[in-house]
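input.txt, holding compact mmCIF, C-alpha atoms and all ligand atoms:
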```
# COMPACT_ATOMS: atom_id res chain seq x y z
CA MET H 20 0.00 0.00 0.00
CA ILE H 21 2.53 2.62 1.18
CA ALA H 22 6.07 1.67 0.21
CA THR H 23 8.57 4.25 1.41
CA GLY H 24 11.57 2.08 0.51
CA ILE H 25 13.22 2.43 3.93
CA ASP H 26 13.16 0.19 7.00
CA HIS H 27 11.31 0.87 10.24
CA LEU H 28 14.36 2.22 12.06
CA ALA H 29 14.99 4.79 9.32
CA ARG H 30 11.30 5.68 9.23
CA SER H 31 11.14 6.25 12.98
CA LYS H 32 14.30 8.37 12.88
CA ARG H 33 12.44 10.88 10.71
CA ASN H 34 9.94 11.54 13.50
CA GLN H 35 10.52 14.54 15.77
CA PHE H 36 11.87 13.72 19.28
CA THR H 37 13.53 10.47 18.11
CA ALA H 38 16.88 12.06 17.26
CA VAL H 39 18.36 11.91 20.76
CA ARG H 40 21.63 10.26 19.61
CA LEU H 41 23.03 10.31 23.13
CA ASN H 42 24.93 7.39 24.51
CA ARG H 43 22.73 6.83 27.56
CA GLU H 44 25.67 5.69 29.71
CA VAL H 45 23.49 3.11 31.42
CA GLU H 46 26.52 1.54 33.13
CA LEU H 47 27.34 4.85 34.88
CA ARG H 48 23.90 5.45 36.40
CA ASP H 49 24.81 3.65 39.65
CA ASP H 50 28.34 5.04 39.85
CA ALA H 51 27.75 7.75 42.48
CA GLU H 52 31.35 8.97 42.36
CA TRP H 53 31.28 9.46 38.60
CA VAL H 54 27.87 11.19 38.76
CA ALA H 55 29.07 13.57 41.52
CA ALA H 56 32.20 14.45 39.50
CA ALA H 57 30.19 14.98 36.30
CA LEU H 58 27.86 17.37 38.15
CA CYS H 59 30.84 19.55 39.12
CA ASP H 60 32.35 19.55 35.62
CA GLN H 61 31.62 22.84 33.85
CA GLN H 62 31.49 20.97 30.50
CA THR H 63 28.35 19.21 31.74
CA ARG H 64 25.10 20.50 30.27
CA LEU H 65 22.04 20.71 32.52
CA VAL H 66 18.58 20.60 30.94
CA PRO H 67 16.36 22.65 33.25
CA LEU H 68 12.67 21.85 33.67
CA TRP H 69 10.30 24.02 35.62
CA ARG H 70 6.80 22.63 36.13
CA SER H 71 7.29 20.34 33.10
CA ARG H 72 8.23 23.29 30.90
CA SER H 73 11.47 23.46 28.91
CA LEU H 74 13.87 26.40 28.69
CA LEU H 75 14.01 27.85 25.18
CA GLU H 76 14.94 30.99 23.38
CA HIS H 77 13.30 32.06 20.13
CA ASN H 78 15.27 33.83 17.44
CA THR H 79 15.05 34.26 13.68
CA SER H 80 16.40 30.74 12.99
CA GLY H 81 13.82 29.05 15.26
CA SER H 82 13.68 27.81 18.86
CA LEU H 83 16.94 27.07 20.66
CA ALA H 84 17.32 24.81 23.69
CA ILE H 85 19.12 26.56 26.54
CA TYR H 86 21.39 24.36 28.63
CA LEU H 87 23.13 25.45 31.81
CA SER H 88 26.56 24.69 33.21
CA PRO H 89 26.60 23.53 36.86
CA ASP H 90 27.79 27.01 37.96
CA GLU H 91 24.94 28.67 36.11
CA LEU H 92 22.38 26.61 37.99
CA GLY H 93 23.87 26.75 41.48
CA GLN H 94 22.70 24.18 44.03
CA PRO H 95 20.49 21.47 42.46
CA ASP H 96 17.24 20.50 44.19
CA ARG H 97 18.09 17.92 46.89
CA ILE H 98 14.71 16.22 46.74
CA GLN H 99 14.83 15.78 42.94
CA PRO H 100 18.53 15.17 42.21
CA PRO H 101 19.68 15.60 38.58
CA THR H 102 18.89 12.80 36.13
CA LEU H 103 21.63 11.49 33.87
CA LEU H 104 20.50 11.57 30.23
CA GLY H 105 23.75 10.57 28.50
CA THR H 106 26.66 11.95 26.50
CA ASP H 107 27.09 13.21 22.95
CA GLY H 108 30.87 12.66 23.20
CA LYS H 109 31.56 16.30 24.14
CA HIS H 110 29.17 16.92 27.01
CA ASP H 111 27.32 14.85 29.60
CA TYR H 112 23.68 15.88 29.82
CA PHE H 113 21.56 15.86 32.98
CA ALA H 114 17.91 16.89 33.42
CA VAL H 115 17.30 19.08 36.48
CA SER H 116 14.08 20.20 38.17
CA VAL H 117 14.34 23.87 39.09
CA THR H 118 12.58 25.61 41.96
CA ASP H 119 10.63 28.84 41.54
CA GLU H 120 13.60 30.78 42.90
CA GLN H 121 16.04 29.09 40.52
CA LYS H 122 13.63 29.75 37.66
CA ASP H 123 13.71 33.50 38.43
CA ASN H 124 17.52 33.50 38.59
CA ILE H 125 17.81 31.64 35.29
CA LEU H 126 15.44 34.03 33.51
CA GLU H 127 17.42 36.97 34.87
CA ARG H 128 20.61 35.47 33.40
CA PHE H 129 18.92 34.64 30.06
CA PRO H 130 16.51 37.57 29.50
CA ASN H 131 15.43 36.34 26.05
CA ALA H 132 14.59 32.81 27.23
CA LEU H 133 11.39 31.42 28.65
CA PHE H 134 10.10 28.19 30.16
CA THR H 135 7.57 26.98 27.65
CA ASN H 136 5.48 24.13 26.29
CA LEU H 137 7.80 21.87 24.28
CA ARG H 138 5.04 20.51 22.05
CA ARG H 139 4.38 23.89 20.49
CA ALA H 140 7.94 25.23 20.62
CA SER H 141 9.55 22.20 18.98
CA ILE H 142 7.98 22.91 15.59
CA ASP H 143 11.03 24.87 14.41
CA MET H 144 13.70 23.27 16.57
CA ALA H 145 16.83 21.30 15.65
CA ALA H 146 15.99 17.58 15.88
CA LYS H 147 18.82 16.64 18.28
CA HIS H 148 17.81 19.25 20.84
CA ALA H 149 14.07 18.59 20.52
CA GLY H 150 14.93 14.94 21.26
CA ILE H 151 17.02 15.77 24.34
CA LEU H 152 14.30 18.05 25.74
CA ALA H 153 11.60 15.43 25.13
CA TYR H 154 13.67 12.73 26.85
CA ALA H 155 14.28 15.03 29.85
CA LYS H 156 10.62 16.02 30.03
CA ALA H 157 9.44 12.40 30.03
CA LEU H 158 11.64 11.48 33.01
CA HIS H 159 10.71 14.67 34.87
CA TYR H 160 7.00 13.92 34.44
CA TRP H 161 7.40 10.35 35.72
CA GLN H 162 9.47 11.43 38.74
CA HIS H 163 6.96 14.09 39.79
CA ARG H 164 3.98 11.75 39.54
CA HIS H 165 5.51 8.83 41.42
CA ALA H 166 6.73 10.63 44.51
CA PHE H 167 5.00 8.03 46.72
CA CYS H 168 5.04 4.24 46.68
CA GLY H 169 1.92 2.79 45.04
CA VAL H 170 1.87 -0.14 47.51
CA CYS H 171 2.47 1.33 50.98
CA GLY H 172 2.27 5.09 50.38
CA ASN H 173 5.71 5.99 51.76
CA PRO H 174 7.92 8.43 49.83
CA ASN H 175 9.92 7.01 46.92
CA LEU H 176 13.64 7.77 46.65
CA LEU H 177 15.34 8.38 43.30
CA ARG H 178 18.13 5.98 42.44
CA SER H 179 20.27 5.08 39.39
CA ALA H 180 20.80 8.77 38.54
CA GLY H 181 17.05 9.33 38.18
CA HIS H 182 16.05 6.17 36.27
CA ARG H 183 14.73 4.08 39.17
CA MET H 184 12.79 4.74 42.35
CA VAL H 185 12.85 2.71 45.55
CA CYS H 186 10.31 2.93 48.35
CA SER H 187 11.85 4.48 51.49
CA ASN H 188 10.02 1.94 53.69
CA GLU H 189 12.65 -0.79 54.06
CA GLU H 190 10.05 -3.48 54.67
CA CYS H 191 8.51 -2.62 51.29
CA SER H 192 11.50 -1.50 49.15
CA ARG H 193 9.32 -1.65 46.04
CA GLU H 194 11.08 -0.52 42.88
CA THR H 195 9.41 1.69 40.28
CA PHE H 196 10.71 2.30 36.75
CA PRO H 197 9.81 5.02 34.22
CA ARG H 198 6.49 4.20 32.62
CA ILE H 199 5.30 4.90 29.09
CA ASP H 200 1.71 4.63 27.89
CA PRO H 201 1.62 3.13 24.38
CA ALA H 202 -0.89 4.62 21.97
CA ILE H 203 -1.69 3.75 18.38
CA ILE H 204 -2.18 6.30 15.65
CA VAL H 205 -3.52 5.28 12.28
CA LEU H 206 -4.18 6.76 8.87
CA VAL H 207 -7.15 4.86 7.45
CA THR H 208 -7.20 4.79 3.65
CA HIS H 209 -9.53 3.44 0.99
CA GLU H 210 -8.18 3.39 -2.57
CA ASN H 211 -7.20 7.03 -3.32
CA ALA H 212 -8.70 8.61 -0.19
CA CYS H 213 -7.86 8.87 3.50
CA LEU H 214 -10.18 9.29 6.46
CA LEU H 215 -9.56 12.11 8.93
CA GLY H 216 -11.59 12.79 12.03
CA ARG H 217 -12.28 15.73 14.30
CA ASN H 218 -12.13 15.02 18.01
CA VAL H 219 -14.93 16.62 20.02
CA ARG H 220 -12.35 18.66 21.98
CA TRP H 221 -10.77 20.22 18.87
CA ASN H 222 -11.62 23.47 17.14
CA PRO H 223 -13.93 23.35 14.12
CA GLY H 224 -11.97 22.47 10.98
CA HIS H 225 -9.15 20.66 12.84
CA PHE H 226 -8.83 17.16 11.37
CA SER H 227 -6.31 14.42 12.05
CA THR H 228 -5.61 10.71 11.96
CA LEU H 229 -7.39 8.48 14.48
CA ALA H 230 -5.62 7.54 17.70
CA GLY H 231 -6.10 5.94 21.08
CA PHE H 232 -4.40 4.21 23.99
CA VAL H 233 -3.57 0.53 23.87
CA GLU H 234 -5.56 -1.31 26.54
CA PRO H 235 -4.36 -4.21 28.72
CA GLY H 236 -4.74 -7.53 26.91
CA GLU H 237 -4.37 -6.02 23.42
CA SER H 238 -1.70 -6.18 20.74
CA LEU H 239 -0.99 -2.89 18.97
CA GLU H 240 -2.94 -4.19 15.96
CA ASP H 241 -5.91 -5.16 18.18
CA ALA H 242 -5.95 -1.58 19.44
CA VAL H 243 -5.97 -0.24 15.86
CA VAL H 244 -8.98 -2.40 14.97
CA ARG H 245 -10.87 -1.49 18.16
CA GLU H 246 -10.14 2.25 18.12
CA VAL H 247 -11.08 2.70 14.46
CA TYR H 248 -14.32 0.80 14.96
CA GLU H 249 -15.16 2.66 18.20
CA GLU H 250 -14.45 6.08 16.71
CA VAL H 251 -15.83 5.83 13.17
CA SER H 252 -17.40 2.33 12.84
CA VAL H 253 -15.00 1.41 10.03
CA GLN H 254 -13.86 -2.17 9.46
CA LEU H 255 -10.27 -2.70 8.35
CA ALA H 256 -8.92 -5.11 5.77
CA ASP H 257 -5.18 -4.53 6.04
CA ILE H 258 -3.03 -3.04 8.80
CA ARG H 259 0.64 -2.08 8.38
CA TYR H 260 3.00 -0.79 11.06
CA VAL H 261 4.98 2.25 9.86
CA SER H 262 7.05 3.90 12.62
CA SER H 263 6.99 5.09 16.23
CA GLN H 264 7.61 8.30 18.10
CA PRO H 265 8.30 9.20 21.73
CA TRP H 266 5.50 11.58 22.70
CA PRO H 267 6.05 12.96 26.22
CA PHE H 268 2.73 14.87 26.28
CA PRO H 269 2.51 13.61 28.88
CA ALA H 270 3.93 10.06 28.71
CA SER H 271 3.28 8.14 25.51
CA THR H 272 4.99 6.31 22.72
CA MET H 273 2.96 6.70 19.54
CA CYS H 274 2.91 3.63 17.29
CA GLY H 275 1.98 4.67 13.75
CA PHE H 276 0.04 2.51 11.28
CA TYR H 277 -1.61 2.61 7.87
CA ALA H 278 -4.85 0.65 7.55
CA GLU H 279 -7.00 0.00 4.49
CA ALA H 280 -10.75 0.18 5.11
CA VAL H 281 -13.19 -2.40 3.74
CA SER H 282 -15.36 0.40 2.35
CA ARG H 283 -15.98 4.13 2.70
CA ASN H 284 -19.00 3.66 4.96
CA PHE H 285 -18.43 5.25 8.33
CA GLY H 286 -20.25 6.59 11.37
CA VAL H 287 -19.27 9.01 14.10
CA SER H 288 -19.04 8.64 17.86
CA GLU H 289 -19.07 10.70 21.04
CA GLU H 290 -15.31 11.17 20.71
CA VAL H 291 -15.07 11.74 16.94
CA GLN H 292 -18.09 13.83 16.04
CA GLU H 293 -17.05 14.57 12.47
CA ALA H 294 -15.06 12.58 9.91
CA ARG H 295 -14.38 13.01 6.20
CA TRP H 296 -12.73 11.14 3.36
CA PHE H 297 -10.15 13.31 1.63
CA THR H 298 -8.43 12.74 -1.69
CA VAL H 299 -5.16 14.54 -2.40
CA GLU H 300 -7.15 17.04 -4.46
CA SER H 301 -9.88 17.71 -1.88
CA LEU H 302 -7.33 18.03 0.95
CA THR H 303 -5.26 20.48 -1.12
CA SER H 304 -8.35 22.64 -1.81
CA ALA H 305 -9.46 22.51 1.83
CA LEU H 306 -6.02 23.68 3.01
CA LYS H 307 -5.82 26.43 0.37
CA ASP H 308 -9.30 27.62 1.37
CA ASP H 309 -8.26 27.40 5.04
CA VAL H 310 -11.31 25.35 5.98
CA VAL H 311 -9.23 22.43 7.31
CA ARG H 312 -6.37 22.62 9.84
CA LEU H 313 -4.00 19.71 10.46
CA SER H 314 -1.95 18.58 13.46
CA PRO H 315 1.50 20.23 13.71
CA PRO H 316 4.32 18.86 11.52
CA VAL H 317 6.20 17.56 14.59
CA SER H 318 3.51 14.92 15.15
CA ILE H 319 3.56 11.41 13.73
CA ALA H 320 -0.05 12.12 12.68
CA PHE H 321 1.27 14.72 10.26
CA ARG H 322 4.12 12.46 9.10
CA LEU H 323 1.73 9.60 8.24
CA LEU H 324 -0.48 11.96 6.31
CA ALA H 325 2.42 13.79 4.59
CA ASP H 326 3.93 10.51 3.32
CA TRP H 327 0.54 9.34 2.02
CA PHE H 328 0.00 12.74 0.39
CA ARG H 329 3.38 12.73 -1.39
CA GLN H 330 3.02 9.13 -2.56
CA ASN H 331 -0.36 9.90 -4.04
CA GLY H 332 1.04 12.74 -6.12
CA GLY H 333 0.21 15.63 -3.78
CA GLY H 334 3.77 16.90 -3.24
CA ASP H 335 5.07 18.58 -0.09
CA LEU H 336 2.28 18.80 2.52
CA GLU H 337 4.51 20.69 4.96
CA GLN H 338 5.02 23.47 2.43
CA LEU H 339 1.28 23.60 1.76
CA VAL H 340 0.60 23.99 5.49
CA ARG H 341 3.30 26.68 5.81
CA ASP H 342 1.65 28.58 2.94
CA GLN H 343 -1.74 28.17 4.62
CA ARG H 344 -0.43 29.60 7.91
CA LYS H 345 1.26 32.52 6.13
CA ALA H 346 -1.91 33.35 4.19
CA ALA H 347 -4.00 33.17 7.39
CA ALA H 348 -1.54 35.47 9.21
CA VAL H 349 -1.64 38.00 6.34
CA GLY H 350 -5.46 37.79 6.41
CA ARG H 351 -5.49 38.57 10.14
CA LEU H 352 -3.16 41.55 9.65
CA LYS H 353 -5.41 42.94 6.92
CA GLN H 354 -8.42 42.70 9.22
CA GLN H 355 -6.69 44.72 11.96
ZN ZN Z 401 6.37 0.98 49.63
```
Representation of the structure as structure tokens:
Amino acid sequence: MIATGIDHLARSKRNQFTAVRLNREVELRDDAEWVAAALCDQQTRLVPLWRSRSLLEHNTSGSLAIYLSPDELGQPDRIQPPTLLGTDGKHDYFAVSVTDEQKDNILERFPNALFTNLRRASIDMAAKHAGILAYAKALHYWQHRHAFCGVCGNPNLLRSAGHRMVCSNEECSRETFPRIDPAIIVLVTHENACLLGRNVRWNPGHFSTLAGFVEPGESLEDAVVREVYEEVSVQLADIRYVSSQPWPFPASTMCGFYAEAVSRNFGVSEEVQEARWFTVESLTSALKDDVVRLSPPVSIAFRLLADWFRQNGGGDLEQLVRDQRKAAAVGRLKQQ
């Protein structure tokens, strides 16, 4: 159906947030001496997170990740010690939670920077740095939501340089590891058309691929079949895995599929209240007329759609969306 001519690893590497390319230095996570020395080394790069937001600066070439040296941060938070991310051969990277006071000091030092939502800011960001920030954000989210043991309720203690937690109650000593919630995302096609839906929570005109969480007792493919039927009552004839993407918003891995529908009959549901079949031509017109808005290009939803669009003769979907945004911005200026 969709032959991109590259293997799954190469396909996944094209997705935003996958380009971390750090050696994760797993063997050093329990070496307290090495970790302490690395945290005093001014070549070390700290990735600050404040309330799950990443530190970025915007300039004419896009969004830049701001990293700190240990001296620039000062004393790390003792309750949430820094988390070792890995090395790129030049620098060791650690994620650090910053307090409100540290946040104020950092923003004073970097007046053009701000702590912001990575999902939106990563649209025009270099892939390596978007990947590092996403990796840091995922661990930060897990650490802050597992502060207490799920069995006995005592505080958890961070171990293995932030990658493992152990219950502080010695009789319990339960270990907790970072968790990821797998979700499937699927572009349903039928011959020369694809089916996009509008979630009830989205603005009018916003359409995307169908998606949902994998439930216990399901394979990824089972989840594709169930979600598509639940959301739009479509039966599938053929399901193909395409690629995956870390999606720390807040804690998922997105598993992307193409699926061919048995027919173009569909219904809607409480969750997906509107769905439409689009051909390359009708999607192009809808974007040019600004009556349809798509998910941002950093998402695997957009990647699945963009590859389908190109392979069906539609050309560069990203450029089309950029043109749409520019035209909409010009329109708004004219109205002012
Ligand atoms: Zn416990």
Given the choices H:Ala84, H:Arg198, H:Glu91, H:Trp161, which gets closest to Glu127 in chain H if the distance is worked out from all atoms listed in the file? H:Glu91
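Residue neighbourhood of Thr298 in chain H, excluding near-sequence residues (fewer than 5 positions): Asn211, Ala212 and Cys213 of chain H, at 8 Å, using all atoms listed in the file.
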File of the preceding selection, C-alpha atoms, as a CSV table (one decimal), keeping the file's coordinate frame:
```csv
chain,number,residue,atom,x,y,z
H,211,ASN,CA,-7.2,7.0,-3.3
H,212,ALA,CA,-8.7,8.6,-0.2
H,213,CYS,CA,-7.9,8.9,3.5
```
Give as a PyMOL selection string the residues surrounding ligand ZN 401 (chain Z) up to a distance of 7 Å, considering all atoms listed in the file. chain H and resi 168-173+186-188+191-193
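Separating CA of Gly350 in chain H from CA of Asp308 in chain H is a distance of 12.0 Å.
Minimum distance to Leu47 in chain H across H:Ser252, H:Ile142, H:Arg178, H:Ser82 (counting only C-alpha atoms) occurs at H:Arg178.
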Hey, can you pull every residue with an atom no more than 12 Å from (28.3, 7.4, 40.4), using only C-alpha atoms, and send it as JSON, numbers by chain? {"H": [44, 45, 46, 47, 48, 49, 50, 51, 52, 53, 54, 55, 56, 57, 58, 102, 103, 178, 179, 180, 181]}
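Using only C-alpha atoms for every distance, the candidate list H:Trp296, H:Tyr154, H:Phe276, H:Phe321 yields H:Tyr154 as the residue closest to Arg43 in chain H.
Note that the spacing between CA of Phe113 in chain H and CA of Ile125 in chain H amounts to 16.4 Å.
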Any idea what's packed within 10 Å of Ser318 in chain H, counting only C-alpha atoms, ignoring anything in its chain fewer than 3 positions away? Could you give it as number ranges by chain? H: 34-36, 138, 142, 264-266, 273, 314-315, 321-323
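Nearest residue to Arg64 in chain H among H:Gln121, H:Gly236, H:Ile151, H:His27 is H:Ile151, counting only C-alpha atoms.
The space separating CA of Val243 in chain H from CA of Leu336 in chain H comes to 24.7 Å.
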Neighbours of Pro201 in chain H within 12 Å (all atoms listed in the file; same-chain residues fewer than 5 positions away dropped), as an mmCIF file with C-alpha atoms, in the coordinates of the input?
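Written out: result03.cif:
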```cif
data_model
loop_
_atom_site.group_PDB
_atom_site.id
_atom_site.type_symbol
_atom_site.label_atom_id
_atom_site.label_comp_id
_atom_site.auth_asym_id
_atom_site.auth_seq_id
_atom_site.Cartn_x
_atom_site.Cartn_y
_atom_site.Cartn_z
ATOM 1 C CA ALA H 230 -5.620 7.540 17.700
ATOM 2 C CA GLY H 231 -6.100 5.940 21.080
ATOM 3 C CA PHE H 232 -4.400 4.210 23.990
ATOM 4 C CA VAL H 233 -3.570 0.530 23.870
ATOM 5 C CA GLU H 234 -5.560 -1.310 26.540
ATOM 6 C CA PRO H 235 -4.360 -4.210 28.720
ATOM 7 C CA GLU H 237 -4.370 -6.020 23.420
ATOM 8 C CA SER H 238 -1.700 -6.180 20.740
ATOM 9 C CA LEU H 239 -0.990 -2.890 18.970
ATOM 10 C CA ALA H 242 -5.950 -1.580 19.440
ATOM 11 C CA VAL H 243 -5.970 -0.240 15.860
ATOM 12 C CA SER H 263 6.990 5.090 16.230
ATOM 13 C CA GLN H 264 7.610 8.300 18.100
ATOM 14 C CA PRO H 265 8.300 9.200 21.730
ATOM 15 C CA TRP H 266 5.500 11.580 22.700
ATOM 16 C CA PRO H 267 6.050 12.960 26.220
ATOM 17 C CA PHE H 268 2.730 14.870 26.280
ATOM 18 C CA PRO H 269 2.510 13.610 28.880
ATOM 19 C CA ALA H 270 3.930 10.060 28.710
ATOM 20 C CA SER H 271 3.280 8.140 25.510
ATOM 21 C CA THR H 272 4.990 6.310 22.720
ATOM 22 C CA MET H 273 2.960 6.700 19.540
ATOM 23 C CA CYS H 274 2.910 3.630 17.290
ATOM 24 C CA GLY H 275 1.980 4.670 13.750
#
```
Per-axis box centre and lengths in Å around range 33-37 of chain H, 5 Å margin per side, axis-aligned, as AutoDock Vina command-line options:
```
--center_x 11.7 --center_y 12.5 --center_z 15.0 --size_x 13.6 --size_y 14.1 --size_z 18.6
```
Of H:Gln354, H:Ser73, H:Ser304, H:Gln343, the one nearest to Thr135 in chain H when counting only C-alpha atoms is H:Ser73
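For the choices H:Ser71, H:Ser141, H:Gln61, H:Thr79, the atom-to-atom distance to Tyr112 in chain H is smallest for H:Gln61 when using all atoms listed in the file.
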For range 56-138 of chain H of the structure just presented, write C-alpha atoms to a file, as a compact mmCIF listing (two decimals), in the first residue's frame.
```txt
# COMPACT_ATOMS: atom_id res chain seq x y z
CA ALA H 56 32.20 14.45 39.50
CA ALA H 57 30.19 14.98 36.30
CA LEU H 58 27.86 17.37 38.15
CA CYS H 59 30.84 19.55 39.12
CA ASP H 60 32.35 19.55 35.62
CA GLN H 61 31.62 22.84 33.85
CA GLN H 62 31.49 20.97 30.50
CA THR H 63 28.35 19.21 31.74
CA ARG H 64 25.10 20.50 30.27
CA LEU H 65 22.04 20.71 32.52
CA VAL H 66 18.58 20.60 30.94
CA PRO H 67 16.36 22.65 33.25
CA LEU H 68 12.67 21.85 33.67
CA TRP H 69 10.30 24.02 35.62
CA ARG H 70 6.80 22.63 36.13
CA SER H 71 7.29 20.34 33.10
CA ARG H 72 8.23 23.29 30.90
CA SER H 73 11.47 23.46 28.91
CA LEU H 74 13.87 26.40 28.69
CA LEU H 75 14.01 27.85 25.18
CA GLU H 76 14.94 30.99 23.38
CA HIS H 77 13.30 32.06 20.13
CA ASN H 78 15.27 33.83 17.44
CA THR H 79 15.05 34.26 13.68
CA SER H 80 16.40 30.74 12.99
CA GLY H 81 13.82 29.05 15.26
CA SER H 82 13.68 27.81 18.86
CA LEU H 83 16.94 27.07 20.66
CA ALA H 84 17.32 24.81 23.69
CA ILE H 85 19.12 26.56 26.54
CA TYR H 86 21.39 24.36 28.63
CA LEU H 87 23.13 25.45 31.81
CA SER H 88 26.56 24.69 33.21
CA PRO H 89 26.60 23.53 36.86
CA ASP H 90 27.79 27.01 37.96
CA GLU H 91 24.94 28.67 36.11
CA LEU H 92 22.38 26.61 37.99
CA GLY H 93 23.87 26.75 41.48
CA GLN H 94 22.70 24.18 44.03
CA PRO H 95 20.49 21.47 42.46
CA ASP H 96 17.24 20.50 44.19
CA ARG H 97 18.09 17.92 46.89
CA ILE H 98 14.71 16.22 46.74
CA GLN H 99 14.83 15.78 42.94
CA PRO H 100 18.53 15.17 42.21
CA PRO H 101 19.68 15.60 38.58
CA THR H 102 18.89 12.80 36.13
CA LEU H 103 21.63 11.49 33.87
CA LEU H 104 20.50 11.57 30.23
CA GLY H 105 23.75 10.57 28.50
CA THR H 106 26.66 11.95 26.50
CA ASP H 107 27.09 13.21 22.95
CA GLY H 108 30.87 12.66 23.20
CA LYS H 109 31.56 16.30 24.14
CA HIS H 110 29.17 16.92 27.01
CA ASP H 111 27.32 14.85 29.60
CA TYR H 112 23.68 15.88 29.82
CA PHE H 113 21.56 15.86 32.98
CA ALA H 114 17.91 16.89 33.42
CA VAL H 115 17.30 19.08 36.48
CA SER H 116 14.08 20.20 38.17
CA VAL H 117 14.34 23.87 39.09
CA THR H 118 12.58 25.61 41.96
CA ASP H 119 10.63 28.84 41.54
CA GLU H 120 13.60 30.78 42.90
CA GLN H 121 16.04 29.09 40.52
CA LYS H 122 13.63 29.75 37.66
CA ASP H 123 13.71 33.50 38.43
CA ASN H 124 17.52 33.50 38.59
CA ILE H 125 17.81 31.64 35.29
CA LEU H 126 15.44 34.03 33.51
CA GLU H 127 17.42 36.97 34.87
CA ARG H 128 20.61 35.47 33.40
CA PHE H 129 18.92 34.64 30.06
CA PRO H 130 16.51 37.57 29.50
CA ASN H 131 15.43 36.34 26.05
CA ALA H 132 14.59 32.81 27.23
CA LEU H 133 11.39 31.42 28.65
CA PHE H 134 10.10 28.19 30.16
CA THR H 135 7.57 26.98 27.65
CA ASN H 136 5.48 24.13 26.29
CA LEU H 137 7.80 21.87 24.28
CA ARG H 138 5.04 20.51 22.05
```
